[in-house]
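Step one of this worksheet: look at the structure below.
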Amino acid sequence: MEQRDNVTEFVLVGLTQSLQGQKILSVVFLLIYIMTLVGNLLTVLTVVLSPALDAPAYFFLGFLSFLDAVYSTTFIPNMIKNFLCEKKTISFRACMTQLFMEHLFGGAEILLLVVMAYDRYMAICKPLHYVTIMNRRVCVLLMLLAWAGGFLHAVLHPLFVYNLPFCGPNVIDHFMCDMYPLLKLACTDTYIIALTVLANDGAICVVLFMLLLTSYGVILHSLKHLSQGGRRKALSTCGSHITVVVLFFVPCVFLYVRPPSALPIDKYLAVFYTIITPMLNPLIYTLRNGEMQNAMKKLWTRKRK
């Protein structure tokens, strides 16, 4: 296309250029992908099929697991293909699609984590009003708002990049298409666009991260009013949420809350929130949740009979 000065594809360097390392990583990431899909889809099915898990918290957990499954699918299959193929290219259109999908699912997941924090706040701090406020209609509305917010956040990224001139080089030092590596390759001054990315992604990361930490601080402070059993259950649930929030947000904050630039370490940090966190989420929520474990046992033992 004319506006890109004939650059129609990019080369993704990936995590390593060692052939032996690529073979090892292809096996590692294939195992991670299988674990991610199995763990998250098992969680989704358990939430959907178990009558005991009809609380809003499990509705949102099922949605989170679905997001993690599709989020990891945006990156890992392409990563494995590039590890095994000599030609590690991605077309411009596929790059724009991946950029959009990354921020769509990532943005929706960030907003969902805020919704889940709100759900825990209502359950622990306003228990008498919880059932009335967090009804099914409100839960569906909050889920749709997370999708809408993710879409609005995501659509800006390809719009910023699509009409930039790319005249070469076309090598991206990353395993995926992301804003700063792409802006680095553009044959024009992209400083203003980079500041816009910083304002968009960076502000979202910082504001929501601080909001989440504050909300969990309020929740933990209110636990002193609960019984010992209720306190233990609430601590277990909130501990899972806080662990996921930290795993997801800390790398994002480092990547986007700084002067706009593409650093070699960025791609390794991106592995945490794009690949490792979606794999760990089912383990974090299931291992710390007795109701989820019991529901899984009942459901899958019943299916085998």
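Within each chain, counting starts at residue 1; across the structure tokens, chains are named A, B, ... in the order shown, with ligands numbered 1 upward in that order.
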
Which residues come within 10 Å of A:Leu164, counting only C-alpha atoms, excluding same-chain residues fewer than 3 positions away, as JSON, numbers by chain? {"A": [3, 4, 5, 159, 160, 161, 167, 182, 183, 185, 186, 187, 188, 189, 190]}

Residues within 8 Å of A:Tyr191, please, as a PDB file with all heavy atoms, in the first residue's frame. Count only C-alpha atoms; anything in the same chain fewer than 3 positions from it doesn't count.
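Result saved to around.pdb:
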ATOM      1  N   ALA A 194       3.512   8.471  20.320  1.00  0.00           N
ATOM      2  CA  ALA A 194       4.040   7.726  21.462  1.00  0.00           C
ATOM      3  C   ALA A 194       3.548   8.319  22.782  1.00  0.00           C
ATOM      4  O   ALA A 194       3.237   7.586  23.722  1.00  0.00           O
ATOM      5  CB  ALA A 194       5.568   7.719  21.422  1.00  0.00           C
ATOM      6  N   LEU A 195       3.464   9.641  22.850  1.00  0.00           N
ATOM      7  CA  LEU A 195       2.929  10.277  24.062  1.00  0.00           C
ATOM      8  C   LEU A 195       1.451   9.939  24.242  1.00  0.00           C
ATOM      9  O   LEU A 195       0.981   9.772  25.371  1.00  0.00           O
ATOM     10  CB  LEU A 195       3.107  11.800  23.971  1.00  0.00           C
ATOM     11  CG  LEU A 195       4.519  12.346  24.171  1.00  0.00           C
ATOM     12  CD1 LEU A 195       4.521  13.864  24.052  1.00  0.00           C
ATOM     13  CD2 LEU A 195       5.096  11.931  25.525  1.00  0.00           C
ATOM     14  N   PRO A 260       8.395   7.136  26.255  1.00  0.00           N
ATOM     15  CA  PRO A 260       8.123   6.198  25.149  1.00  0.00           C
ATOM     16  C   PRO A 260       9.402   5.679  24.495  1.00  0.00           C
ATOM     17  O   PRO A 260      10.212   6.453  23.998  1.00  0.00           O
ATOM     18  CB  PRO A 260       7.325   7.057  24.159  1.00  0.00           C
ATOM     19  CG  PRO A 260       6.759   8.173  24.962  1.00  0.00           C
ATOM     20  CD  PRO A 260       7.748   8.436  26.052  1.00  0.00           C
TER      21      PRO A 260
END

Contacts of A:Met122 at 10 Å (only C-alpha atoms; same-chain gap of 4+ positions) as an MDAnalysis selection string: chainID A and resid 116:118 126:131 133:134 219

Dump as an mmCIF file, in the first residue's frame, selection limited to all heavy atoms:
data_model
loop_
_atom_site.group_PDB
_atom_site.id
_atom_site.type_symbol
_atom_site.label_atom_id
_atom_site.label_comp_id
_atom_site.auth_asym_id
_atom_site.auth_seq_id
_atom_site.Cartn_x
_atom_site.Cartn_y
_atom_site.Cartn_z
ATOM 1 N N MET A 116 -14.367 -7.377 39.291
ATOM 2 C CA MET A 116 -14.258 -8.426 40.309
ATOM 3 C C MET A 116 -13.903 -7.835 41.672
ATOM 4 O O MET A 116 -14.365 -8.322 42.708
ATOM 5 C CB MET A 116 -13.213 -9.462 39.869
ATOM 6 C CG MET A 116 -13.652 -10.255 38.640
ATOM 7 S SD MET A 116 -12.363 -11.321 37.957
ATOM 8 C CE MET A 116 -12.445 -12.722 39.093
ATOM 9 N N ALA A 117 -13.091 -6.778 41.681
ATOM 10 C CA ALA A 117 -12.773 -6.105 42.940
ATOM 11 C C ALA A 117 -14.030 -5.443 43.514
ATOM 12 O O ALA A 117 -14.278 -5.494 44.729
ATOM 13 C CB ALA A 117 -11.686 -5.055 42.717
ATOM 14 N N TYR A 118 -14.839 -4.838 42.634
ATOM 15 C CA TYR A 118 -16.098 -4.223 43.076
ATOM 16 C C TYR A 118 -17.042 -5.281 43.653
ATOM 17 O O TYR A 118 -17.685 -5.063 44.683
ATOM 18 C CB TYR A 118 -16.759 -3.506 41.897
ATOM 19 C CG TYR A 118 -18.128 -2.951 42.204
ATOM 20 C CD1 TYR A 118 -18.280 -1.849 43.041
ATOM 21 C CD2 TYR A 118 -19.277 -3.524 41.652
ATOM 22 C CE1 TYR A 118 -19.534 -1.335 43.329
ATOM 23 C CE2 TYR A 118 -20.531 -3.016 41.929
ATOM 24 C CZ TYR A 118 -20.661 -1.926 42.767
ATOM 25 O OH TYR A 118 -21.899 -1.419 43.059
ATOM 26 N N LYS A 126 -20.620 -4.694 52.039
ATOM 27 C CA LYS A 126 -22.059 -4.395 52.012
ATOM 28 C C LYS A 126 -22.867 -5.686 51.867
ATOM 29 O O LYS A 126 -23.671 -5.833 50.932
ATOM 30 C CB LYS A 126 -22.387 -3.460 50.838
ATOM 31 C CG LYS A 126 -21.528 -2.223 50.731
ATOM 32 C CD LYS A 126 -21.949 -1.170 51.725
ATOM 33 C CE LYS A 126 -21.121 0.102 51.529
ATOM 34 N NZ LYS A 126 -21.477 1.135 52.532
ATOM 35 N N PRO A 127 -22.675 -6.651 52.756
ATOM 36 C CA PRO A 127 -23.287 -7.974 52.567
ATOM 37 C C PRO A 127 -24.811 -7.947 52.537
ATOM 38 O O PRO A 127 -25.436 -8.765 51.845
ATOM 39 C CB PRO A 127 -22.772 -8.775 53.764
ATOM 40 C CG PRO A 127 -22.397 -7.749 54.786
ATOM 41 C CD PRO A 127 -21.923 -6.564 54.017
ATOM 42 N N LEU A 128 -25.454 -7.026 53.259
ATOM 43 C CA LEU A 128 -26.920 -6.992 53.303
ATOM 44 C C LEU A 128 -27.524 -6.527 51.973
ATOM 45 O O LEU A 128 -28.666 -6.862 51.653
ATOM 46 C CB LEU A 128 -27.395 -6.081 54.440
ATOM 47 C CG LEU A 128 -26.975 -6.510 55.857
ATOM 48 C CD1 LEU A 128 -27.481 -5.503 56.884
ATOM 49 C CD2 LEU A 128 -27.531 -7.904 56.177
ATOM 50 N N HIS A 129 -26.770 -5.753 51.217
ATOM 51 C CA HIS A 129 -27.268 -5.226 49.943
ATOM 52 C C HIS A 129 -26.709 -5.994 48.742
ATOM 53 O O HIS A 129 -27.078 -5.702 47.602
ATOM 54 C CB HIS A 129 -26.904 -3.745 49.796
ATOM 55 C CG HIS A 129 -27.356 -2.897 50.946
ATOM 56 N ND1 HIS A 129 -28.681 -2.556 51.138
ATOM 57 C CD2 HIS A 129 -26.663 -2.335 51.974
ATOM 58 C CE1 HIS A 129 -28.784 -1.804 52.222
ATOM 59 N NE2 HIS A 129 -27.579 -1.669 52.758
ATOM 60 N N TYR A 130 -25.832 -6.959 49.001
ATOM 61 C CA TYR A 130 -25.093 -7.614 47.922
ATOM 62 C C TYR A 130 -26.012 -8.313 46.917
ATOM 63 O O TYR A 130 -25.911 -8.093 45.708
ATOM 64 C CB TYR A 130 -24.103 -8.623 48.515
ATOM 65 C CG TYR A 130 -23.327 -9.397 47.473
ATOM 66 C CD1 TYR A 130 -22.384 -8.756 46.679
ATOM 67 C CD2 TYR A 130 -23.543 -10.763 47.284
ATOM 68 C CE1 TYR A 130 -21.663 -9.460 45.728
ATOM 69 C CE2 TYR A 130 -22.832 -11.466 46.333
ATOM 70 C CZ TYR A 130 -21.890 -10.815 45.559
ATOM 71 O OH TYR A 130 -21.191 -11.505 44.609
ATOM 72 N N VAL A 131 -26.923 -9.129 47.408
ATOM 73 C CA VAL A 131 -27.790 -9.912 46.514
ATOM 74 C C VAL A 131 -28.676 -8.993 45.679
ATOM 75 O O VAL A 131 -28.918 -9.248 44.490
ATOM 76 C CB VAL A 131 -28.656 -10.901 47.334
ATOM 77 C CG1 VAL A 131 -29.618 -11.630 46.416
ATOM 78 C CG2 VAL A 131 -27.771 -11.883 48.080
ATOM 79 N N ILE A 133 -28.059 -5.739 44.825
ATOM 80 C CA ILE A 133 -27.290 -4.914 43.880
ATOM 81 C C ILE A 133 -26.656 -5.765 42.786
ATOM 82 O O ILE A 133 -26.755 -5.452 41.595
ATOM 83 C CB ILE A 133 -26.212 -4.102 44.630
ATOM 84 C CG1 ILE A 133 -26.885 -3.084 45.557
ATOM 85 C CG2 ILE A 133 -25.281 -3.395 43.649
ATOM 86 C CD1 ILE A 133 -25.941 -2.331 46.443
ATOM 87 N N MET A 134 -26.006 -6.871 43.161
ATOM 88 C CA MET A 134 -25.275 -7.688 42.191
ATOM 89 C C MET A 134 -26.177 -8.788 41.628
ATOM 90 O O MET A 134 -25.878 -9.984 41.716
ATOM 91 C CB MET A 134 -24.030 -8.294 42.843
ATOM 92 C CG MET A 134 -23.003 -7.268 43.287
ATOM 93 S SD MET A 134 -22.382 -6.241 41.944
ATOM 94 C CE MET A 134 -21.449 -7.445 41.015
ATOM 95 N N ILE A 219 -11.109 -3.322 51.582
ATOM 96 C CA ILE A 219 -11.703 -4.635 51.877
ATOM 97 C C ILE A 219 -10.970 -5.314 53.028
ATOM 98 O O ILE A 219 -11.597 -5.820 53.970
ATOM 99 C CB ILE A 219 -11.664 -5.525 50.617
ATOM 100 C CG1 ILE A 219 -12.632 -4.991 49.555
ATOM 101 C CG2 ILE A 219 -12.033 -6.967 50.963
ATOM 102 C CD1 ILE A 219 -12.496 -5.656 48.207
#

DSSP helix (DSSP H, G or I) residues within stretch 184-299 of chain A, listed as a PyMOL selection string: chain A and resi 184-185+191-225+228-256+266-287+290-299

Distance in Å - atom CA of A:His153 versus atom CA of A:Leu12: 24.2 Å

Rank nothing, just name the residue among A:Val250, A:Pro56, A:Gly39, A:Phe272 nearest to A:Thr132, using only C-alpha atoms.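 Among the listed residues, A:Pro56 lies closest to A:Thr132.
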
Could you list, as a ChimeraX atom specification, every residue within 10 Å of A:Asn40, counting only C-alpha atoms and ignoring same-chain residues fewer than 2 positions away? /A:34-38,42-46,61-70,278-283

Can you pull out every residue within 10 Å of A:Asp266, counting only C-alpha atoms, but drop anything in the same chain fewer than 5 positions away, and send it as a short mmCIF file (atom, residue, chain, number, x, y, z; two decimals) with C-alpha atoms, in the first residue's frame?
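As written to disk, out24.cif reads:
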data_model
loop_
_atom_site.label_atom_id
_atom_site.label_comp_id
_atom_site.auth_asym_id
_atom_site.auth_seq_id
_atom_site.Cartn_x
_atom_site.Cartn_y
_atom_site.Cartn_z
CA ASP A 173 12.52 -7.08 18.14
CA HIS A 174 9.56 -8.78 19.80
CA TYR A 180 6.46 0.98 20.69
CA PRO A 181 8.33 -1.54 18.45
CA PRO A 251 4.80 -5.68 33.93
CA CYS A 252 2.23 -3.41 32.22
CA PHE A 254 6.87 -0.97 33.66
CA LEU A 255 6.21 -1.21 29.90
CA TYR A 256 3.90 1.78 29.51
CA SER A 261 10.74 3.74 23.90
CA VAL A 271 5.60 -12.85 28.42
#

Identify all residues of stretch 40-231 of chain A in strand (DSSP E) (DSSP on the backbone) and supply them as a CSV table (one decimal) with C-alpha atoms, in the first residue's frame.
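Okay, out.csv is ready:
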chain,number,residue,atom,x,y,z
A,89,THR,CA,7.1,-12.9,9.1
A,90,ILE,CA,3.7,-11.5,9.8
A,91,SER,CA,1.8,-9.5,7.2
A,171,VAL,CA,12.4,-6.2,11.8
A,172,ILE,CA,10.5,-6.1,15.1

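Distance annotation: of A:Leu104, A:Asn82, A:Arg120, A:Met176, the residue with the minimal separation from A:Gly149 is A:Leu104; atom set is only C-alpha atoms.
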
In Å, with one decimal, what is the gap from atom CA of A:Ala94 to atom CA of A:Val155?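 Distance between the two atoms: 14.7 Å.
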
Counting only C-alpha atoms, what is within 7 Å of A:Trp147, bar same-chain residues fewer than 4 positions away, as an MDAnalysis selection string? chainID A and resid 108 143 151

Which residues are close to A:Ser222, i.e. within 12 Å by only C-alpha atoms, leaving aside same-chain residues fewer than 2 positions away? Reply as number ranges by chain. A: 120-127, 215-220, 224-227, 230-231, 234-235

Go ahead and save the residues from that selection, with N, CA, C and O atoms, as a compact mmCIF listing (two decimals), in the first residue's frame.
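Saved to out.txt:
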# COMPACT_ATOMS: atom_id res chain seq x y z
N ARG A 120 -16.18 -8.10 45.09
CA ARG A 120 -15.67 -8.51 46.41
C ARG A 120 -15.95 -7.43 47.45
O ARG A 120 -16.26 -7.74 48.61
N TYR A 121 -15.84 -6.16 47.04
CA TYR A 121 -16.14 -5.06 47.97
C TYR A 121 -17.60 -5.13 48.43
O TYR A 121 -17.90 -5.01 49.63
N MET A 122 -18.52 -5.33 47.48
CA MET A 122 -19.93 -5.40 47.82
C MET A 122 -20.23 -6.61 48.69
O MET A 122 -21.01 -6.53 49.65
N ALA A 123 -19.60 -7.76 48.39
CA ALA A 123 -19.86 -8.99 49.14
C ALA A 123 -19.36 -8.89 50.58
O ALA A 123 -20.00 -9.40 51.50
N ILE A 124 -18.23 -8.23 50.78
CA ILE A 124 -17.60 -8.21 52.10
C ILE A 124 -18.01 -6.98 52.91
O ILE A 124 -18.26 -7.05 54.11
N CYS A 125 -18.08 -5.82 52.23
CA CYS A 125 -18.35 -4.57 52.96
C CYS A 125 -19.83 -4.20 53.00
O CYS A 125 -20.26 -3.46 53.88
N LYS A 126 -20.62 -4.69 52.04
CA LYS A 126 -22.06 -4.40 52.01
C LYS A 126 -22.87 -5.69 51.87
O LYS A 126 -23.67 -5.83 50.93
N PRO A 127 -22.68 -6.65 52.76
CA PRO A 127 -23.29 -7.97 52.57
C PRO A 127 -24.81 -7.95 52.54
O PRO A 127 -25.44 -8.76 51.84
N SER A 215 -8.94 -0.37 46.70
CA SER A 215 -10.16 -1.11 47.01
C SER A 215 -9.88 -2.34 47.85
O SER A 215 -10.61 -2.63 48.81
N TYR A 216 -8.80 -3.04 47.53
CA TYR A 216 -8.46 -4.22 48.33
C TYR A 216 -7.95 -3.81 49.71
O TYR A 216 -8.12 -4.56 50.68
N GLY A 217 -7.33 -2.63 49.80
CA GLY A 217 -6.95 -2.12 51.11
C GLY A 217 -8.17 -1.87 51.98
O GLY A 217 -8.20 -2.23 53.17
N VAL A 218 -9.21 -1.28 51.39
CA VAL A 218 -10.47 -1.03 52.11
C VAL A 218 -11.12 -2.36 52.52
O VAL A 218 -11.61 -2.51 53.65
N ILE A 219 -11.11 -3.32 51.58
CA ILE A 219 -11.70 -4.64 51.88
C ILE A 219 -10.97 -5.31 53.03
O ILE A 219 -11.60 -5.82 53.97
N LEU A 220 -9.65 -5.33 52.97
CA LEU A 220 -8.87 -5.99 54.02
C LEU A 220 -9.06 -5.30 55.36
O LEU A 220 -9.09 -5.95 56.41
N LYS A 224 -11.94 -6.99 59.82
CA LYS A 224 -11.93 -7.11 61.28
C LYS A 224 -13.35 -7.25 61.84
O LYS A 224 -13.54 -7.70 62.97
N HIS A 225 -14.35 -6.88 61.04
CA HIS A 225 -15.74 -6.99 61.49
C HIS A 225 -16.32 -8.38 61.23
O HIS A 225 -17.44 -8.66 61.68
N LEU A 226 -15.59 -9.22 60.52
CA LEU A 226 -16.10 -10.55 60.20
C LEU A 226 -15.70 -11.58 61.26
O LEU A 226 -14.77 -11.36 62.03
N SER A 227 -16.39 -12.72 61.24
CA SER A 227 -16.00 -13.82 62.11
C SER A 227 -14.69 -14.42 61.60
O SER A 227 -14.24 -14.13 60.49
N GLY A 230 -15.31 -16.34 58.36
CA GLY A 230 -15.57 -15.42 57.25
C GLY A 230 -14.33 -14.67 56.84
O GLY A 230 -14.10 -14.42 55.66
N ARG A 231 -13.50 -14.32 57.85
CA ARG A 231 -12.25 -13.61 57.56
C ARG A 231 -11.30 -14.50 56.77
O ARG A 231 -10.65 -14.04 55.82
N ALA A 234 -12.62 -14.79 53.18
CA ALA A 234 -12.43 -13.54 52.45
C ALA A 234 -10.97 -13.31 52.11
O ALA A 234 -10.63 -12.85 51.02
N LEU A 235 -10.08 -13.63 53.05
CA LEU A 235 -8.64 -13.48 52.80
C LEU A 235 -8.18 -14.38 51.67
O LEU A 235 -7.36 -13.99 50.83

In Å, how far is it from atom CA of A:Val138 to atom CA of A:Leu49? 21.0 Å
